[in-house]
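Working notes, beginning with the structure itself.
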Amino acid sequence: MIDPSSRWNPTSSLGRALTVGGVGVALALAMGRPAVVVLVAPLLVAGAMAVLHRPTREPRVFASFAHHQLHEGQGMRVRLESADVQDAEHVTRAMVPQPYLALHPVEGTLGHLLGAEGIEPIEASPRRWGLRLIGAEKVAFTTAWGGYRWGPVALPGREVAVLPTLSHFHSAGEAPQPIGLIGAHRSRRDGDGTEFSSIRRFHAGDRLRRINWRVSLRQGDLHVQSTRAEEDAAILLIVDALADFGISEGVGGSESSLDVTIRAAAALADQYISGGDRVSLRVLSPGGEYAGYGTGTRHLRRILSLLSRIRPGVPRDVAIDQIDFRATAGTVVVVISPMLSESLATATVRLVRRGLPVIVVDPLPPGSTPTVYPDADAEVAALAWRMRLLDRNHLLARLSASGCPVVPWNGPRTLEEVLRRLARRGQLPRVGGA
Amino acid sequence: MPSVWVLRGVLAAATMLALLAGIPEDYTPSVFVVVVVALGATVAMFRPEHLALSITMGIVIVWWALQLRSEMPVAVLVVAAGLIVAHVAATLLAYGPRSLAVDPALTVLWGMRAAMTWTAALAVWVVARAYSGHGSPELFWLAGLAAAAIGAVVGAAVAPLRAKETRG
């Protein structure tokens, strides 16, 4: 069955012109009133002209998208390709409003006479990470003299992955226990790096270009300049998407806890992958998004894509405190969580007790409140939230006491000082086994 | 959208003008008719595709048919202008959803179309005035309808050119 809206149909304008005009002529003839013919003559002419422009071809339209992925705040033009629109004089586009989608024109509606340049695009800019439906709209064509309309026909649009924004910041903070073979972190071992370590006697196998001639001449023996090796670190990002607290207004506006979490995870992944480190992502959500250790632009894109697909909620099939986070020795674990889940706190403490450097990044924006049921007593809800925050503060204090620094997210530099402290602590001599 | 509100105002004003244009020539409608037409125009302002405008225009035409017998006052031309302007305003408002801003190029095009169709009323009026009291009633009607037909044909010949000019 053909959708009636996808065919040309007479408009109310044509109906009005012909009906009122026809009634006027009939009245004039029946009552003998020549003046009435004067009154309705323009309407009859308008109706006649509209009928003269009766369309013969069915238009075809489809939307074209320039991008499949966007970052928050970026924009794209949603274009309409059309064919067989010679009978149409005017096009109307009305985009369906979507949350966190800014449109230009602001209302998402556009109407203009069809010219040689075709149909004007509508600009769309997603304001928040996630999967966003772009291009869902209704399109209508109207013939000359407004006699016939095709549509409005609904176009489904496309789901576009909106990636979190990146700040492209490169940290000067060292990884506490770099373990890999390549990378930019200073190792505790001597090796083929650039940072000075010591001057020592020449050993077999040392490179000749490492010989320090001044010291060798003074000592009467060959000495070489040794450097520290540069290694990569393994970073495990644990993202708490169990719930979202606070109000999100999209990029540039106020942030919810999940906004801060996602943007922090994206910034950290970008920062460490750019530095040659291997980064893994584990999301605590119903989707259980996971990316193994990897490096490179492709891996970063995969992590950002996974972050954009997150929907908050409690994992259904696995208990949080039983998750194997696959963190090998030396891995820096960054837990981005408001720590409102005791099971996640337990899992974090377990990682600390394994001797891993663990940092908790607190994404809870100040003054944020949870979403409560509309029929809930506001006072009781506020009281319950205050108690929950007190519990949280207690939990964070205990985590700090167990050797796990807790820092509020304050941009990509957040971890620098903490990592330096952890690195210094890692270089101190230890008594007994780890 | 300010342009939409302007167009709504034009629709209501044109409808009322079509009813009240005869006041200087002592064609004064009753308060009841004015209220009914005003209500119809108000509905049409917000629902331009509704039958309300057709009914309201019908009421105006019937009222004038009851007032005029064989007279052909100048006010008739103003009434014809009011009716076509109200029709065009409603047509422009019906091009899209309420949030759609009125396209200036489209408004200019329809302004020209309205002026052109109004010339048909002028032609019928001139012919009717010329023949009033000279010819038989049958001759009068033939002359009027012939003038309307000529107006329609001239309009059909000119309209596509106008549209192309505006688009270009």
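Identifiers in this document derive from the order of the structure tokens: chains are assigned A, B, ..., residues are numbered from 1 separately in each chain, and ligands are numbered from 1 in order of occurrence.
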
Q: Provide as a ChimeraX atom specification the residues of chain A at most 7 Å from chain B, counting only C-alpha atoms.
A: /A:12-13,16,20,24,33-36,38-43,45-46,49,92,107,109-113,115

Q) Residues of region 13-144 of chain B in alpha helix (DSSP H) according to DSSP, as a ChimeraX atom specification? A) /B:13-20,31-46,52-67,75-93,104-131,137-144

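Atom pair CA of Val153 (chain A) / CA of Phe141 (chain A) has a distance of 9.5 Å (rounded to one decimal).
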
**Q.** Computed interatomic separation between CA of Ile247 (chain A) and CA of Thr371 (chain A) (Å)
**A.** 8.9 Å

(Q) To one decimal place in Å, what is the distance between CA of Val6 (chain B) and CA of Ala52 (chain B)? (A)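 It comes out at 19.5 Å.
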
Q | Selected residue, from B:Val74, B:Ala130, B:Ala13, B:Val108, that lies nearest to Thr42 (chain B) when counting only C-alpha atoms | A | B:Ala13

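The protein and nucleic acid residues lying at most 9 Å from Val34 (chain B) are Met16, Leu19, Leu20, Pro29, Ser30, Ala38 and Leu39 of chain B, with only C-alpha atoms considered and sequence neighbours fewer than 4 positions away removed.
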
Selection from above, N, CA, C and O atoms, as a short mmCIF file (atom, residue, chain, number, x, y, z; two decimals), in the first residue's frame, can you write it?
```
data_model
loop_
_atom_site.label_atom_id
_atom_site.label_comp_id
_atom_site.auth_asym_id
_atom_site.auth_seq_id
_atom_site.Cartn_x
_atom_site.Cartn_y
_atom_site.Cartn_z
N MET B 16 -11.35 40.99 7.89
CA MET B 16 -12.22 42.03 8.46
C MET B 16 -12.44 43.16 7.46
O MET B 16 -13.53 43.72 7.37
N LEU B 19 -15.14 42.45 5.08
CA LEU B 19 -16.48 42.62 5.63
C LEU B 19 -16.83 44.10 5.82
O LEU B 19 -17.97 44.53 5.57
N LEU B 20 -15.86 44.88 6.26
CA LEU B 20 -16.13 46.25 6.69
C LEU B 20 -15.81 47.30 5.63
O LEU B 20 -15.95 48.50 5.89
N PRO B 29 -22.27 46.03 8.49
CA PRO B 29 -22.77 44.73 8.97
C PRO B 29 -23.21 44.82 10.44
O PRO B 29 -22.78 45.73 11.17
N SER B 30 -24.06 43.89 10.85
CA SER B 30 -24.49 43.85 12.26
C SER B 30 -23.33 43.37 13.13
O SER B 30 -22.37 42.74 12.63
N ALA B 38 -15.00 37.70 12.84
CA ALA B 38 -13.77 37.88 13.63
C ALA B 38 -13.33 36.56 14.25
O ALA B 38 -12.13 36.24 14.27
N LEU B 39 -14.32 35.80 14.75
CA LEU B 39 -13.98 34.49 15.33
C LEU B 39 -13.39 33.56 14.28
O LEU B 39 -12.39 32.88 14.51
#
```

Surrounding residues of Gly292 (chain A) excluding itself and chain neighbours under 4 positions, 8 Å, only C-alpha atoms, as a short mmCIF file (atom, residue, chain, number, x, y, z; two decimals) with N, CA, C and O atoms, in the first residue's frame:
```
data_model
loop_
_atom_site.label_atom_id
_atom_site.label_comp_id
_atom_site.auth_asym_id
_atom_site.auth_seq_id
_atom_site.Cartn_x
_atom_site.Cartn_y
_atom_site.Cartn_z
N VAL A 279 46.66 1.47 26.56
CA VAL A 279 45.50 1.84 27.38
C VAL A 279 44.39 0.80 27.19
O VAL A 279 44.13 0.37 26.07
N SER A 280 43.79 0.43 28.30
CA SER A 280 42.64 -0.47 28.25
C SER A 280 41.46 0.22 28.91
O SER A 280 41.63 1.08 29.78
N LEU A 281 40.28 -0.13 28.47
CA LEU A 281 39.06 0.50 29.01
C LEU A 281 38.10 -0.57 29.50
O LEU A 281 37.86 -1.57 28.81
#
```

**Q.** Who sits within 9 Å of Gly287 (chain A), only C-alpha atoms, same chain under 4 positions skipped, as a PyMOL selection string
**A.** chain A and resi 283+309-313+315-316

Q: Based on DSSP run over this structure's backbone, return all residues of region 195-421 of chain A in strand (DSSP E), as an MDAnalysis selection string.
A: chainID A and resid 195:201 223:231 234:240 278:284 290:294 332:336 358:362 406:408

Restrict the selected residues to N, CA and C atoms and save them as a CSV table (one decimal), in the first residue's frame.
```
chain,number,residue,atom,x,y,z
A,195,GLU,N,67.7,10.5,28.6
A,195,GLU,CA,67.9,11.2,29.9
A,195,GLU,C,69.2,10.6,30.6
A,196,PHE,N,70.0,11.6,31.1
A,196,PHE,CA,71.3,11.2,31.7
A,196,PHE,C,71.0,10.3,33.0
A,197,SER,N,71.8,9.3,33.1
A,197,SER,CA,71.7,8.4,34.3
A,197,SER,C,73.0,8.5,35.1
A,198,SER,N,74.2,8.1,34.5
A,198,SER,CA,75.4,8.1,35.2
A,198,SER,C,76.6,8.0,34.2
A,199,ILE,N,77.8,8.2,34.7
A,199,ILE,CA,79.0,7.9,33.9
A,199,ILE,C,79.8,6.8,34.5
A,200,ARG,N,80.0,5.8,33.7
A,200,ARG,CA,80.6,4.5,34.3
A,200,ARG,C,81.7,4.0,33.3
A,201,ARG,N,82.4,3.0,33.8
A,201,ARG,CA,83.5,2.4,33.0
A,201,ARG,C,82.9,1.7,31.8
A,223,HIS,N,85.4,5.7,29.7
A,223,HIS,CA,84.2,5.9,30.4
A,223,HIS,C,83.0,6.2,29.4
A,224,VAL,N,81.9,5.7,29.7
A,224,VAL,CA,80.7,6.0,28.9
A,224,VAL,C,79.6,6.7,29.7
A,225,GLN,N,78.8,7.4,29.0
A,225,GLN,CA,77.7,8.1,29.6
A,225,GLN,C,76.5,7.2,29.5
A,226,SER,N,75.9,6.8,30.6
A,226,SER,CA,74.7,5.9,30.5
A,226,SER,C,73.4,6.7,30.6
A,227,THR,N,72.4,6.3,29.9
A,227,THR,CA,71.1,7.0,30.0
A,227,THR,C,70.0,6.0,30.5
A,228,ARG,N,68.9,6.6,30.9
A,228,ARG,CA,67.8,5.8,31.3
A,228,ARG,C,67.0,5.3,30.1
A,229,ALA,N,66.5,4.1,30.2
A,229,ALA,CA,65.6,3.6,29.1
A,229,ALA,C,64.3,4.4,29.2
A,230,GLU,N,63.6,4.4,28.0
A,230,GLU,CA,62.3,5.0,28.0
A,230,GLU,C,61.3,3.9,27.6
A,231,GLU,N,60.3,3.8,28.4
A,231,GLU,CA,59.4,2.7,28.3
A,231,GLU,C,57.9,3.2,28.3
A,234,ALA,N,51.3,0.7,31.0
A,234,ALA,CA,49.9,0.2,30.8
A,234,ALA,C,49.0,0.9,31.7
A,235,ILE,N,47.9,1.5,31.1
A,235,ILE,CA,46.9,2.2,31.8
A,235,ILE,C,45.6,1.5,31.7
A,236,LEU,N,45.0,1.3,32.8
A,236,LEU,CA,43.6,0.7,32.8
A,236,LEU,C,42.7,1.7,33.3
A,237,LEU,N,41.7,2.1,32.4
A,237,LEU,CA,40.7,3.1,32.8
A,237,LEU,C,39.4,2.3,33.2
A,238,ILE,N,39.0,2.5,34.4
A,238,ILE,CA,37.8,1.8,34.8
A,238,ILE,C,36.7,3.0,34.9
A,239,VAL,N,35.7,2.9,34.1
A,239,VAL,CA,34.7,3.9,34.0
A,239,VAL,C,33.4,3.5,34.7
A,240,ASP,N,33.0,4.2,35.7
A,240,ASP,CA,31.8,3.9,36.5
A,240,ASP,C,30.6,4.6,35.7
A,278,ARG,N,50.1,2.0,26.5
A,278,ARG,CA,49.0,1.0,26.1
A,278,ARG,C,47.8,1.3,27.1
A,279,VAL,N,46.7,1.5,26.6
A,279,VAL,CA,45.5,1.8,27.4
A,279,VAL,C,44.4,0.8,27.2
A,280,SER,N,43.8,0.4,28.3
A,280,SER,CA,42.6,-0.5,28.3
A,280,SER,C,41.5,0.2,28.9
A,281,LEU,N,40.3,-0.1,28.5
A,281,LEU,CA,39.1,0.5,29.0
A,281,LEU,C,38.1,-0.6,29.5
A,282,ARG,N,37.6,-0.4,30.7
A,282,ARG,CA,36.5,-1.3,31.2
A,282,ARG,C,35.4,-0.4,31.7
A,283,VAL,N,34.2,-0.6,31.2
A,283,VAL,CA,33.1,0.3,31.6
A,283,VAL,C,32.2,-0.6,32.4
A,284,LEU,N,31.8,0.0,33.5
A,284,LEU,CA,30.8,-0.7,34.4
A,284,LEU,C,29.4,-0.2,34.0
A,290,TYR,N,34.2,-2.9,26.7
A,290,TYR,CA,35.6,-3.3,27.1
A,290,TYR,C,36.5,-3.1,25.9
A,291,ALA,N,37.7,-2.6,26.1
A,291,ALA,CA,38.7,-2.5,25.1
A,291,ALA,C,40.0,-3.0,25.7
A,292,GLY,N,40.7,-4.0,25.1
A,292,GLY,CA,41.9,-4.5,25.7
A,292,GLY,C,43.0,-3.5,25.5
A,293,TYR,N,44.2,-3.9,26.0
A,293,TYR,CA,45.4,-3.0,26.0
A,293,TYR,C,45.8,-2.8,24.5
A,294,GLY,N,46.0,-1.5,24.2
A,294,GLY,CA,46.4,-1.3,22.8
A,294,GLY,C,46.9,0.2,22.7
A,332,VAL,N,48.9,1.0,35.7
A,332,VAL,CA,48.3,2.1,36.4
A,332,VAL,C,46.8,2.1,36.2
A,333,VAL,N,46.1,2.0,37.3
A,333,VAL,CA,44.7,1.8,37.3
A,333,VAL,C,44.0,3.2,37.6
A,334,VAL,N,43.2,3.7,36.7
A,334,VAL,CA,42.5,5.0,37.0
A,334,VAL,C,41.1,4.6,37.1
A,335,VAL,N,40.5,4.8,38.2
A,335,VAL,CA,39.1,4.5,38.4
A,335,VAL,C,38.3,5.9,38.4
A,336,ILE,N,37.5,6.1,37.4
A,336,ILE,CA,36.7,7.3,37.3
A,336,ILE,C,35.3,7.0,37.8
A,358,VAL,N,46.8,2.8,42.0
A,358,VAL,CA,45.4,3.0,41.7
A,358,VAL,C,45.1,4.5,42.0
A,359,ILE,N,44.5,5.2,41.1
A,359,ILE,CA,44.0,6.5,41.4
A,359,ILE,C,42.5,6.6,41.1
A,360,VAL,N,41.8,7.2,42.1
A,360,VAL,CA,40.4,7.4,41.9
A,360,VAL,C,40.2,8.9,41.4
A,361,VAL,N,39.5,9.0,40.3
A,361,VAL,CA,39.1,10.4,39.9
A,361,VAL,C,37.7,10.6,40.2
A,362,ASP,N,37.4,11.6,40.9
A,362,ASP,CA,36.0,11.8,41.4
A,362,ASP,C,35.3,12.8,40.4
A,406,VAL,N,42.7,10.0,45.8
A,406,VAL,CA,41.4,10.4,45.3
A,406,VAL,C,41.5,11.9,44.9
A,407,VAL,N,41.3,12.2,43.6
A,407,VAL,CA,41.3,13.5,43.1
A,407,VAL,C,40.1,13.9,42.3
A,408,PRO,N,39.6,15.1,42.5
A,408,PRO,CA,38.5,15.5,41.7
A,408,PRO,C,39.0,15.8,40.3
```
